[in-house]
Amino acid sequence: MKKMPPVLLHGGDYNPDQWLDHPDILAKDVELMKEANINCVSMGIFAWSALEPEEGHYTFDWLDERINTLYKNGIYTFLATPSAARPAWLDEAYPEAMRVAADGTRNRHGNRHNSCLSSPAYREKVRQIDTQLAKRYGSHPGVILWHISNEFSGECFCPLCVERFRGWLKDRYGSIDKLNHAWWTSFWSHTYTSFDQIEPPYTNGERSVEGLILDWRRFTTWNTTEYLQMEVDTLKQYAPDVPVTTNFHATDSLDYAKLAEPIDVISWDSYPFWHKPDETLPYTAAVTSLMHSRMRGYKAGQSFLLMESAPALVNWQPYNKIRRPGMHRLASLQAVACGSDSVCYFQIRKARGSAEQFHGAVIDHLGTNETRIFREVKELGADLQKLSCLQGSRIHSKAAMLADRQNSWALDLCQGFSRNRNYQETLDRHFDAFTTATGCDLDVISFGEDLSPYSLLILPMCYTLSEEEAQRIREFTEKGDTVFATYALAYVDETLLAHLGGLPGGGLKDVFGIWNEEVDSLYPGETNHTFYQGQEYTIRDFCEVLHLQGAESLCSYEEDYYAGNPVLTKNSFGKGSAWYLAARTDDAFLRKVYSELAAAAGLPVQALPDTVEKHVRTDDSHRYTFYLNFSTESVTVDVPEGTDLLSGNPCGPSAVLPAYGAICIKEDL
Amino acid sequence: MKKMPPVLLHGGDYNPDQWLDHPDILAKDVELMKEANINCVSMGIFAWSALEPEEGHYTFDWLDERINTLYKNGIYTFLATPSAARPAWLDEAYPEAMRVAADGTRNRHGNRHNSCLSSPAYREKVRQIDTQLAKRYGSHPGVILWHISNEFSGECFCPLCVERFRGWLKDRYGSIDKLNHAWWTSFWSHTYTSFDQIEPPYTNGERSVEGLILDWRRFTTWNTTEYLQMEVDTLKQYAPDVPVTTNFHATDSLDYAKLAEPIDVISWDSYPFWHKPDETLPYTAAVTSLMHSRMRGYKAGQSFLLMESAPALVNWQPYNKIRRPGMHRLASLQAVACGSDSVCYFQIRKARGSAEQFHGAVIDHLGTNETRIFREVKELGADLQKLSCLQGSRIHSKAAMLADRQNSWALDLCQGFSRNRNYQETLDRHFDAFTTATGCDLDVISFGEDLSPYSLLILPMCYTLSEEEAQRIREFTEKGDTVFATYALAYVDETLLAHLGGLPGGGLKDVFGIWNEEVDSLYPGETNHTFYQGQEYTIRDFCEVLHLQGAESLCSYEEDYYAGNPVLTKNSFGKGSAWYLAARTDDAFLRKVYSELAAAAGLPVQALPDTVEKHVRTDDSHRYTFYLNFSTESVTVDVPEGTDLLSGNPCGPSAVLPAYGAICIKEDL
Amino acid sequence: MKKMPPVLLHGGDYNPDQWLDHPDILAKDVELMKEANINCVSMGIFAWSALEPEEGHYTFDWLDERINTLYKNGIYTFLATPSAARPAWLDEAYPEAMRVAADGTRNRHGNRHNSCLSSPAYREKVRQIDTQLAKRYGSHPGVILWHISNEFSGECFCPLCVERFRGWLKDRYGSIDKLNHAWWTSFWSHTYTSFDQIEPPYTNGERSVEGLILDWRRFTTWNTTEYLQMEVDTLKQYAPDVPVTTNFHATDSLDYAKLAEPIDVISWDSYPFWHKPDETLPYTAAVTSLMHSRMRGYKAGQSFLLMESAPALVNWQPYNKIRRPGMHRLASLQAVACGSDSVCYFQIRKARGSAEQFHGAVIDHLGTNETRIFREVKELGADLQKLSCLQGSRIHSKAAMLADRQNSWALDLCQGFSRNRNYQETLDRHFDAFTTATGCDLDVISFGEDLSPYSLLILPMCYTLSEEEAQRIREFTEKGDTVFATYALAYVDETLLAHLGGLPGGGLKDVFGIWNEEVDSLYPGETNHTFYQGQEYTIRDFCEVLHLQGAESLCSYEEDYYAGNPVLTKNSFGKGSAWYLAARTDDAFLRKVYSELAAAAGLPVQALPDTVEKHVRTDDSHRYTFYLNFSTESVTVDVPEGTDLLSGNPCGPSAVLPAYGAICIKEDL
């Protein structure tokens with residue numbers, strides 16, 4: 001397969017098809033892109049109407065010209081398949097391509113990201129245009145990546161999908177009895193006697209069988225992945241050498257761990273809410289860093305691409321506080337520090353009309369290089385050139401946090417305990433506490449991942465756990481590593497059946513040396529407290545009432561009828577140790593525990609100032625250490641000695657990071 | 001008819017049909033139930049699929065075995081008809097059994113409590129399985145009660161229901177002209193010329209004629225009652241000796257006063273939100289006591305059954321704060337104190353999967369007797385054995401509060417005044433103030449009830465009042481009793497037509513000696529005040545501007561343009577007296593007034609500490625007086641002298657109630 | 001055309017059709033109306049069922065009698081066409097008359113204001129009954145105005161409307177290419193190849209093309225206007241001398257500037273939320289005054305009619321705080337002061353049942369003259385008689401504020417910046433600041449209005465601006481007048497395409513002498529500040545970052561990265577001046593600026609106490625100056641010398657206005 005060029009890529013979504021009647025603007029685009037140090041674009045994402053204005057009538061001339069012209073000017077193309085939005089003629093001819101909503105009504109033509117991926121007619125039209133594109137551009141030297149469709153998401157309830165769902169269930173369960181047992185349909189007399197009786201969770205249908213809803217989400221991921229494989233296969237047939245990606249985004253509707261399989265490169269679209277008044281900038285940065293790490297985790301051992309980001313405001317956010325001067329550079333370098341080999345934007349030139357006409361762009365409606373945004377993009381482009389040597393280098397974490405989508409779905413479907421389950425926020429808070437307390441990168445992984453690189457495994461609210469996954473955790477601990485789990489561990493198995501015989505289930509009671517008798521859910525505003533090493537910490541939302549069965553209690557509840565019961569426990573198991581946190585504590589407690597855990601697990605801890613992030617990329621011969629200051633104040637930090645690639649100056653043993661400042665120190669290995 | 005056994009019943013919903021492939025668990029169930037002092041179960045509630053897995057193919061063996069085994073072990077069965085949830089095969093064969101929603105779309109298969117009760121096909125399938133059950137188990141000595149269906153609620157907008165609605169309207173009104181007058185359809189040109197033009201209040205249909213909506217709710221109650229009668233008749237045909245019940249719950253969608261008619265015993269499912277942070281525990285207790293009293297009121301002169309309650313958490317509540325140690329006992333004894341002859345639970349054993357897998361149960365997923373919850377259930381069972389002699393005793397109140405469902409609906413439909421009508425909360429506050437201030441039990445009754453047992457009648461927000469009901473109030477007062485009404489009295493008649501000639505309507509102006517000229521509705525947060533007997537009280541939401549026409553003003557508004565106008569009035573009428581409260585006051589004012597009213601009406605007033613509830617049951621030869629302390633502090637209270645059945649010790653003239661403590665003093669009459 | 005009688009009209013909606021079986025009540029109505037100084041009624045608004053109980057069978061006798069009786073008693077009739085609510089028989093016979101909702105489902109019969117105005121069957125039935133009415137009553141001396149239908153609003157998505165929408169688009173754009181360009185459909189591949197592919201913005205259809213949604217709203221206005229023209233033409237054919245109106249109300253769903261064209265007289269229904277706790281009474285009054293001024297603006301140079309208002313409470317408001325004594329008089333006189341020649345009510349007699357049975361009325365359910373409300377109505381009637389000479393006089397403003405509906409829609413559709421766009425509130429705040437600071441009346445106008453009467457033009461958030469409108473603003477300024485615009489000026493043109501070449505667009509950069517580089521949107525709660533003439537003011541929500549290109553900066557931001565950038569600028573252009581406000585400031589700042597602007601533009605400024613409104617009507621020989629005190633405190637104000645028509649006393653040079661007091665000073669010109 002073709003290798004990516006040995007540079008960090010800088011560019012973005014480019015839609016010349018909106019300006020074909022303005023050759024002056026098309027010419028100006030190239031000029032301004034070059035000035036802005038841009039070296040790649042994504043093209044054709046929503047160009048189906050422009051490429052096939054009538055069924056079977058293709059118009060590639062404009063795309064030929066653009067790819068050629070850009071390539072001549074040093075700008076590569078990520079070439080998109082246009083399947084993310086269907087032309088009007090297609091829906092007119094093939095209504096089955098329009099999704100059916102959860103209420104059973106078929107969509108009308110419009111919007112995007114809403115094709116029925118089961119539809120044979122739709123698949124065939126996609127296959128045809130993908131074939132055209134693959135044949136025509138597969139060997140063009142300017143085309144370095146296939147960008148399949150756009151931001152897959154959502155589900156379809158049409159008869160074709162229902163039929164495929166039933167087939168998928170038959171494959172999964174083999175018999176209707178096994179399905180009945182897994183979904184516990186004897187509850188409320190919901191026993192099925194035939195697969196043909198099963199319907200997806202229509203809004204006016206079966207909503208009380210959680211196993212059905214969970215399997216419907218799994219099916220939707222499977223169906224989307226199978227569709228994606230079809231696009232991949234079509235392109236590879238005529239252009240086997242060009243790697244493929246599809247751009248992920250922040251959605252909970254699909255399990256990306258599955259969608260990652262057919263593609264070669266992970267890419268994603270990152271739109272953080274910078275400058276929110278109700279959270280600190282370092283916290284927003286940590287949440288963003290978690291997302292980068294999660295994307296990195298979908299292809300262990302590879303770097304990823306930042307496919308979209310906003311150089312200015314994000315029009316769909318409710319309050320478009322514009323990025324402060326310097327923020328764009330810092331956010332972009334953070335992506336690279338977390339493992340991205342690119343910084344790309346939506347959009348190169350602002351659309352003149354329709355839904356995203358005010359989304360930030362490199363080139364404003366003004367049409368010149370005179371804006372602050374343009375200047376910041378251009379300067380960032382220069383920075384990326386200085387960091388070219390990082391291309392292909394990787395992050396090697398010794399710690400991983402489990403954040404599987406299926407656990408997220410299961411917690412979402414769980415009926416009981418507290419509405420404030422807040423799984424994603426819990427992940428965010430643990431990630432933030434860990435990275436701030438230790439200065440270490442933290443991998444974010446899914447079920448089934450290879451655990452051998454890690455010496456510390458973190459399991460926040462791992463509510464659903466199969467016997468098999470539980471066994472892997474047992475082995476991980478037994479062989480000498482450290483596991484840290486929180487409240488809500490292993491209540492149910494992978495079909496959402498409650499583990500019998502006491503919690504944590506899956507045979508983990510002896511690993512952690514505890515038994516969790518009951519769960520108290522506090523009302524919002526209510527608290528409990530714990531003292532740990534002379535400090536008092538606050539507890540909210542979840543309080544499990546544990547009994548020690550071998551573990552040691554490190555601290556306990558101060559109040560309520562379970563005062564004195566353990567909050568944090570530690571158990572030796574095999575050669576390793578298993579820690580358990582029974583309650584939702586404040587962040588200060590988490591930081592305290594993570595600094596201990598990381599030290600115990602032998603990680604290279606560096607406590608950081610509150611506003612600073614540290615990330616380390618390495619290749620065969622060098623280590624690249626980033627320090628990023630998410631603050632409007634300057635800060636001094638201890639750093640390794642080496643060359644700061646961004647300033648070109650020698651650096652260490654300490655460095656002053658100015659407001660929104662960043663350094664990237666290169667050391668020989 | 002068979003009598004209930006001379007014990008207080010202790011048990012709950014039991015679903016062996018979920019565990020038929022686990023004989024070990026079924027055996028363990030019996031062992032644990034016996035240990036927990038359980039003497040009854042409800043079975044078969046959602047067992048249609050298990051009893052009739054295919055149409056016409058019945059499988060009763062497992063139920064035979066269970067009923068027999070339990071009976072041999074001293075455990076009675078409430079046997080349910082399984083109509084609350086339909087098997088998949090039934091909906092597949094008879095789609096008409098699935099309800100049509102208010103938007104006109106038919107439900108798909110799933111969930112529960114959603115059958116079209118008009119459907120002949122559904123009725124026939126129910127009739128068939130009920131017949132089988134009645135024939136097979138009607139004379140089994142272990143079966144002591146029929147439990148018909150489950151928690152009736154909701155409405156159906158299908159063509160069959162529409163047709164029945166039109167027929168019901170024809171019966172009610174006789175002619176379309178009378179209907180037009182009652183609904184005042186001349187407003188907005190809504191005059192009907194034929195019953196066939198009438199549709200129920202579809203979401204996309206007629207929503208502006210309140211009379212129509214009210215009659216639709218009445219029809220739904222009628223239709224449900226007529227369906228219930230069909231199940232009763234079916235069972236009685238083959239098992240005339242077994243009493244029947246259906247379990248009510250906290251819904252406003254049906255008028256239980258009507259549903260109570262075909263059944264022999266009232267039972268209900270009580271799920272209070274104990275330990276809420278935004279209300280005191282005694283207030284939560286009062287709200288719960290009101291509900292018990294309301295249920296008691298549906299069969300005047302009988303005790304009722306607590307059919308479901310939660311021994312631990314209630315999974316569908318948003319925050320599942322688990323019941324504190326001792327709370328379960330106190331809440332259960334409260335039910336008995338209010339007239340229940342049972343304490344039953346949902347559920348004996350926790351379901352392993354589906355919607356209610358985390359709802360509290362006697363037997364946890366753990367499967368043993370080792371939990372706190374199990375121990376508390378067992379201890380409560382022992383308490384109930386000590387109270388066996390209460391079975392069949394009754395509460396005799398001298399005061400009643402009117403709380404008719406049709407008034408609730410009418411207030412809900414009323415367009416005008418304040419959104420903060422809060423009828424249920426108003427009832428709660430009056431009930432709480434009355435019982436705390438007087439220590440007397442308060443009956444909660446519907447329109448049409450016999451008023452002769454009472455010397456005090458309370459009418460909070462009695463917005464809808466027919467001429468006939470008004471006449472009964474007039475007579476009640478005239479003959480020497482005391483009536484107390486609040487703002488919003490008698491604005492409209494039973495068809496929602498405004499009373500002409502001034503408020504209060506229905507000829508009550510002279511009974512109360514006032515004329516209510518206008519109603520001012522305060523915005524949330526706004527207040528007025530009144531001074532009464534040297535104390536200032538706060539007024540919110542509703543301020544009627546009254547004129548005295550014979551009554552005496554006891555206190556008046558302090559502020560606004562109606563300062564000086566009466567807030568509380570008292571009028572002598574015939575041999576009795578009629579009090580009127582023109583404004584929504586704080587609770588302290590209500591307590592003050594109720595202590596005066598109760599004394600004036602000759603009730604046996606005992607002012608209680610804020611946290612204590614008192615209830616009195618009597619039989620032919622004994623009085624049983626409960627004192628319940630809804631507090632985590634102990635409290636001393638004056639009590640009659642006698643034996644505390646719970647401790648077995650002599651008691652009085654004062655007693656110390658510990659935290660969550662209860663006593664039940666038995667006195668000879 | 002017939003002239004209106006030389007009096008101020010006083011009356012309201014009268015529905016004798018609800019009481020035809022109560023001749024006593026009908027007789028009492030006339031007696032009470034005469035006592036209340038009522039001289040007109042609106043009849044027949046919802047009387048279709050009463051006038052045509054079966055298709056083609058008309059019953060006019062009752063209406064004959066009422067019009068005659070009232071006329072004999074000195075009471076005129078506004079005769080309504082009954083099209084606002086359809087009889088049940090009509091929907092039964094012609095289902096196409098029922099609208100289709102945005103989700104594509106057809107309404108069922110019921111409610112009102114919901115006819116498909118495209119339906120040929122519905123139009124024909126309306127044409128027939130209108131013809132009957134016009135023939136029968138067109139020359140009756142008591143009938144002085146046609147009241148067409150009622151409160152037009154809403155939209156229909158039925159196939160007939162879709163077809164008409166496509167036709168309207170064809171007329172508007174000529175070719176599908178021009179439509180594609182205007183809607184920028186190349187974005188997201190939304191290019192149409194045929195008008196037949198276009199659908200309205202169904203909830204499950206195309207919602208991402210803002211141009212389509214905007215055009216759909218324009219079409220709905222066009223379709224409604226075309227329907228209205230049909231009713232006008234039908235009436236004029238047989239009754240060409242009677243003027244026509246249709247009563248507007250506070251809706252954003254139609255562009256009244258277009259609906260105003262076919263009618264002779266503007267009338268509207270005003271329901272302010274008086275006595276709200278979260279705004280001051282003078283502010284509520286200013287908001288109401290703006291609405292009166294806006295209605296006045298729809299027929300420049302004419303007075304208008306207040307067709308409906310509430311003499312007591314407004315039943316559909318969430319909290320019906322009743323109008324305090326004196327408030328009704330003050331609110332009614334405000335309408336006259338703002339240019340109304342009438343004060344009319346909904347409703348003369350309270351309906352006994354249905355949706356509005358508790359809406360305030362002149363005659364209560366009580367049925368007598370004994371209420372406070374009745375007395376206040378009667379007194380107001382006497383006041384209006386004293387003001388008879390004002391009939392036909394007009395308001396001549398020198399300042400106008402642009403408040404076009406299409407701009408409102410465009411801002412509503414805009415995706416970007418801040419959710420707190422709050423266009424209507426912005427208009428309210430500017431109107432309030434202007435009138436309080438200057439004491440001048442302010443016209444409220446739409447695009448395309450003649451600007452020649454004005455020396456000051458105010459453009460709050462004029463987001464959408466065509467090249468043509470921009471040119472008119474340029475010329476207005478150039479010739480010597482003053483224009484004042486705020487943030488969000490001219491971002492897009494009339495098809496919502498972004499103006500290219502920098503903001504403000506439409507060639508206005510040189511008029512204002514600025515370039516607006518970027519827009520910062522603050523989160524709720526965030527602020528910036530500016531110092532202006534020694535005073536500090538607060539800024540929220542919107543902060544544009546301007547560059548001066550000829551203009552002078554009058555004050556600048558105090559904080560953030562754009563500290564020092566201009567907040568308020570002033571530019572000389574031609575003989576005039578153009579001021580620009582880059583940020584959303586507090587009201588104090590607006591008042592400061594408006595007092596300067598008004599003085600600069602040569603307006604007759606009189607600074608008023610905070611609670612006082614001033615309005616001036618003139619005719620050929622007199623000036624009538626109103627001062628209205630929206631306060632419960634009395635206040636002294638400088639006034640011209642003349643006769644107060646209300647008290648009959650001489651007045652000036654100062655006057656004391658009591659609580660809720662009003663004076664109207666007549667001066668000779």
# chains A, B, ... in the order shown; residues from 1 in each chain; ligands from 1
$ residues_around --residues "range 581-597 of chain B" --least-positions-apart "5" --cutoff "7 Å" --atoms "only C-alpha atoms" --output "MDAnalysis selection string"
chainID B and resid 429:430 433:434 437:438 485:487 537:544 567:569
$ write_last_selection --atoms "N, CA, C and O atoms" --output "tab-separated table (two decimals), in the first residue's frame"
chain	number	residue	atom	x	y	z
B	429	ARG	N	-51.58	18.57	51.22
B	429	ARG	CA	-51.29	19.56	52.28
B	429	ARG	C	-52.44	19.63	53.28
B	429	ARG	O	-52.22	19.75	54.49
B	430	HIS	N	-53.66	19.55	52.77
B	430	HIS	CA	-54.80	19.55	53.69
B	430	HIS	C	-54.81	18.29	54.54
B	430	HIS	O	-55.06	18.34	55.74
B	433	ALA	N	-52.05	18.57	57.14
B	433	ALA	CA	-52.36	19.56	58.18
B	433	ALA	C	-53.45	19.02	59.11
B	433	ALA	O	-53.35	19.15	60.34
B	434	PHE	N	-54.46	18.41	58.54
B	434	PHE	CA	-55.55	17.88	59.36
B	434	PHE	C	-55.05	16.81	60.32
B	434	PHE	O	-55.34	16.84	61.52
B	437	ALA	N	-52.63	18.09	63.01
B	437	ALA	CA	-53.25	19.00	63.99
B	437	ALA	C	-54.23	18.28	64.90
B	437	ALA	O	-54.46	18.71	66.03
B	438	THR	N	-54.80	17.18	64.41
B	438	THR	CA	-55.89	16.56	65.17
B	438	THR	C	-55.60	15.16	65.65
B	438	THR	O	-56.29	14.67	66.57
B	485	ALA	N	-64.85	24.55	52.95
B	485	ALA	CA	-64.49	24.55	51.53
B	485	ALA	C	-63.43	25.59	51.28
B	485	ALA	O	-63.26	26.54	52.05
B	486	THR	N	-62.71	25.39	50.17
B	486	THR	CA	-61.68	26.37	49.81
B	486	THR	C	-62.02	27.03	48.49
B	486	THR	O	-62.96	26.61	47.78
B	487	TYR	N	-61.20	28.08	48.16
B	487	TYR	CA	-61.18	28.68	46.83
B	487	TYR	C	-61.44	27.62	45.76
B	487	TYR	O	-61.08	26.47	45.93
B	537	TYR	N	-49.73	34.83	58.40
B	537	TYR	CA	-49.60	33.68	57.51
B	537	TYR	C	-49.44	34.16	56.07
B	537	TYR	O	-49.90	35.26	55.72
B	538	THR	N	-48.83	33.31	55.25
B	538	THR	CA	-48.52	33.69	53.87
B	538	THR	C	-49.52	33.07	52.90
B	538	THR	O	-49.98	31.95	53.10
B	539	ILE	N	-49.81	33.83	51.85
B	539	ILE	CA	-50.78	33.41	50.83
B	539	ILE	C	-50.09	33.41	49.47
B	539	ILE	O	-49.31	34.32	49.17
B	540	ARG	N	-50.41	32.41	48.65
B	540	ARG	CA	-49.82	32.31	47.31
B	540	ARG	C	-50.88	31.87	46.30
B	540	ARG	O	-51.92	31.34	46.66
B	541	ASP	N	-50.57	32.05	45.05
B	541	ASP	CA	-51.29	31.43	43.91
B	541	ASP	C	-52.73	31.93	43.72
B	541	ASP	O	-53.03	32.51	42.68
B	542	PHE	N	-53.60	31.63	44.67
B	542	PHE	CA	-55.02	31.94	44.48
B	542	PHE	C	-55.53	32.93	45.51
B	542	PHE	O	-55.34	32.72	46.72
B	543	CYS	N	-56.17	33.99	45.05
B	543	CYS	CA	-56.81	34.96	45.93
B	543	CYS	C	-58.18	35.28	45.37
B	543	CYS	O	-58.29	36.02	44.38
B	544	GLU	N	-59.19	34.76	45.97
B	544	GLU	CA	-60.54	35.13	45.56
B	544	GLU	C	-60.96	36.41	46.29
B	544	GLU	O	-60.63	36.60	47.47
B	567	VAL	N	-60.45	36.49	54.00
B	567	VAL	CA	-59.69	35.30	53.61
B	567	VAL	C	-60.40	34.05	54.14
B	567	VAL	O	-60.53	33.07	53.44
B	568	LEU	N	-60.83	34.12	55.37
B	568	LEU	CA	-61.53	32.98	55.97
B	568	LEU	C	-62.88	33.48	56.50
B	568	LEU	O	-62.93	34.49	57.20
B	569	THR	N	-63.93	32.76	56.13
B	569	THR	CA	-65.26	33.16	56.59
B	569	THR	C	-65.96	31.99	57.25
B	569	THR	O	-65.64	30.83	56.99
$ residues_around --residues "range 11-21 of chain B" --least-positions-apart "3" --cutoff "6 Å" --atoms "only C-alpha atoms" --output "CSV table (one decimal) with C-alpha atoms, in the first residue's frame"
chain,number,residue,atom,x,y,z
A,186,SER,CA,-40.2,-14.7,30.4
B,38,ILE,CA,-44.1,-15.3,54.2
B,39,ASN,CA,-47.6,-16.8,54.0
B,40,CYS,CA,-48.8,-15.8,50.5
B,41,VAL,CA,-47.7,-15.1,47.0
B,42,SER,CA,-49.3,-13.6,43.8
B,43,MET,CA,-48.6,-15.8,40.9
B,344,CYS,CA,-47.0,-7.7,50.0
B,345,TYR,CA,-44.1,-7.0,47.8
B,346,PHE,CA,-43.0,-6.8,44.3
B,347,GLN,CA,-41.0,-9.1,44.0
B,348,ILE,CA,-40.1,-12.3,45.9
$ residues_around --residues "range 57-69 of chain B" --least-positions-apart "5" --cutoff "10 Å" --atoms "only C-alpha atoms" --output "PyMOL selection string"
chain B and resi 16-17+20+26-27+30+41+43-44+47-52+74-79+129+132-133+136-137+140-143
$ write_last_selection --atoms "C-alpha atoms" --output "JSON list (two decimals), in the first residue's frame"
[["chain", "number", "residue", "atom", "x", "y", "z"],
["B", 16, "PRO", "CA", -41.43, -19.07, 39.07],
["B", 17, "ASP", "CA", -42.15, -19.11, 35.33],
["B", 20, "LEU", "CA", -38.54, -23.29, 35.37],
["B", 26, "LEU", "CA", -37.43, -23.10, 42.83],
["B", 27, "ALA", "CA", -36.70, -25.29, 45.83],
["B", 30, "VAL", "CA", -39.77, -22.08, 49.23],
["B", 41, "VAL", "CA", -47.72, -15.08, 46.95],
["B", 43, "MET", "CA", -48.64, -15.84, 40.89],
["B", 44, "GLY", "CA", -49.29, -15.85, 37.19],
["B", 47, "ALA", "CA", -47.47, -15.80, 32.83],
["B", 48, "TRP", "CA", -49.68, -15.95, 29.74],
["B", 49, "SER", "CA", -46.76, -17.13, 27.57],
["B", 50, "ALA", "CA", -45.89, -19.75, 30.15],
["B", 51, "LEU", "CA", -49.50, -20.93, 30.52],
["B", 52, "GLU", "CA", -50.49, -20.81, 26.85],
["B", 74, "GLY", "CA", -48.19, -22.86, 54.46],
["B", 75, "ILE", "CA", -48.14, -20.33, 51.70],
["B", 76, "TYR", "CA", -51.40, -19.16, 50.06],
["B", 77, "THR", "CA", -51.75, -18.09, 46.47],
["B", 78, "PHE", "CA", -53.39, -14.99, 45.00],
["B", 79, "LEU", "CA", -53.91, -16.36, 41.52],
["B", 129, "ILE", "CA", -57.74, -18.69, 29.69],
["B", 132, "GLN", "CA", -59.29, -22.63, 32.27],
["B", 133, "LEU", "CA", -57.86, -21.07, 35.43],
["B", 136, "ARG", "CA", -58.71, -25.79, 37.40],
["B", 137, "TYR", "CA", -57.92, -23.78, 40.51],
["B", 140, "HIS", "CA", -57.99, -25.30, 45.42],
["B", 141, "PRO", "CA", -57.69, -24.56, 49.14],
["B", 142, "GLY", "CA", -54.43, -22.69, 48.53],
["B", 143, "VAL", "CA", -56.05, -20.21, 46.18]]
$ closest_residue --among "A:Val545, A:Leu228, A:Ala239, A:Leu254" --to "chain B" --atoms "only C-alpha atoms"
A:Val545
$ select_by_dssp --residues "range 175-204 of chain B" --states "alpha helix (DSSP H)" --output "number ranges by chain"
B: 176-183
$ closest_atom_pairs --of "range 411-511 of chain A" --to "range 285-307 of chain A" --cutoff "10 Å" --atoms "only C-alpha atoms" --output "tab-separated table"
residue	atom	partner	partner_atom	distance
A:Gln424	CA	A:Val287	CA	9.7
A:Glu425	CA	A:Val287	CA	8.9
A:Leu427	CA	A:Leu290	CA	8.5
A:Asp428	CA	A:Val287	CA	5.6
A:Arg429	CA	A:Val287	CA	8.3
A:His430	CA	A:Ala286	CA	9.9
A:Phe431	CA	A:Leu290	CA	6.7
A:Asp432	CA	A:Ala286	CA	5.4
A:Ala433	CA	A:Ala286	CA	9.1
A:Thr435	CA	A:Ala286	CA	8.1
A:Thr436	CA	A:Ala286	CA	8.8
A:Asp441	CA	A:Ser293	CA	8.5
A:Leu442	CA	A:Ser293	CA	7.3
A:Asp443	CA	A:Ser293	CA	5.8
A:Val444	CA	A:Arg294	CA	4.8
A:Ile445	CA	A:Gly297	CA	5.5
A:Ser446	CA	A:Gly297	CA	8.0
A:Glu449	CA	A:Ala300	CA	8.7
A:Asp450	CA	A:Ala300	CA	9.0
$ interface_residues --of "chain A" --to "chain C" --cutoff "8 Å" --atoms "only C-alpha atoms" --output "ChimeraX atom specification"
/A:17-18,46-50,53,85-89,92,106-112,276-277,314-322,324-325,351-359,365-367,371
$ select_by_dssp --residues "range 290-339 of chain B" --states "strand (DSSP E)" --output "list in words"
Leu305, Leu306, Met307 and Glu308 of chain B
$ atom_distance --atom1 "CA of Lys479 in chain C" --atom2 "CA of Gln406 in chain C"
27.0 Å
$ residues_around --residues "Pro504 in chain C" --least-positions-apart "6" --cutoff "10 Å" --atoms "only C-alpha atoms" --output "list of chain:residue names"
C:Tyr463, C:Leu465, C:Ala470, C:Tyr487, C:Ala488, C:Leu489, C:Ala490, C:Tyr491, C:Val492, C:Asp510, C:Val511, C:Phe512, C:Gly513, C:Ile514, C:Trp515, C:Asn516, C:Glu517
$ residues_around --residues "Thr611 in chain A" --least-positions-apart "2" --cutoff "12 Å" --atoms "only C-alpha atoms" --output "JSON, numbers by chain"
{"A": [280, 281, 282, 283, 284, 285, 286, 432, 435, 436, 437, 439, 607, 608, 609, 613, 614, 627, 628, 629, 630, 631, 632, 633, 634, 635, 636, 637, 657, 658, 659, 660, 661, 662]}
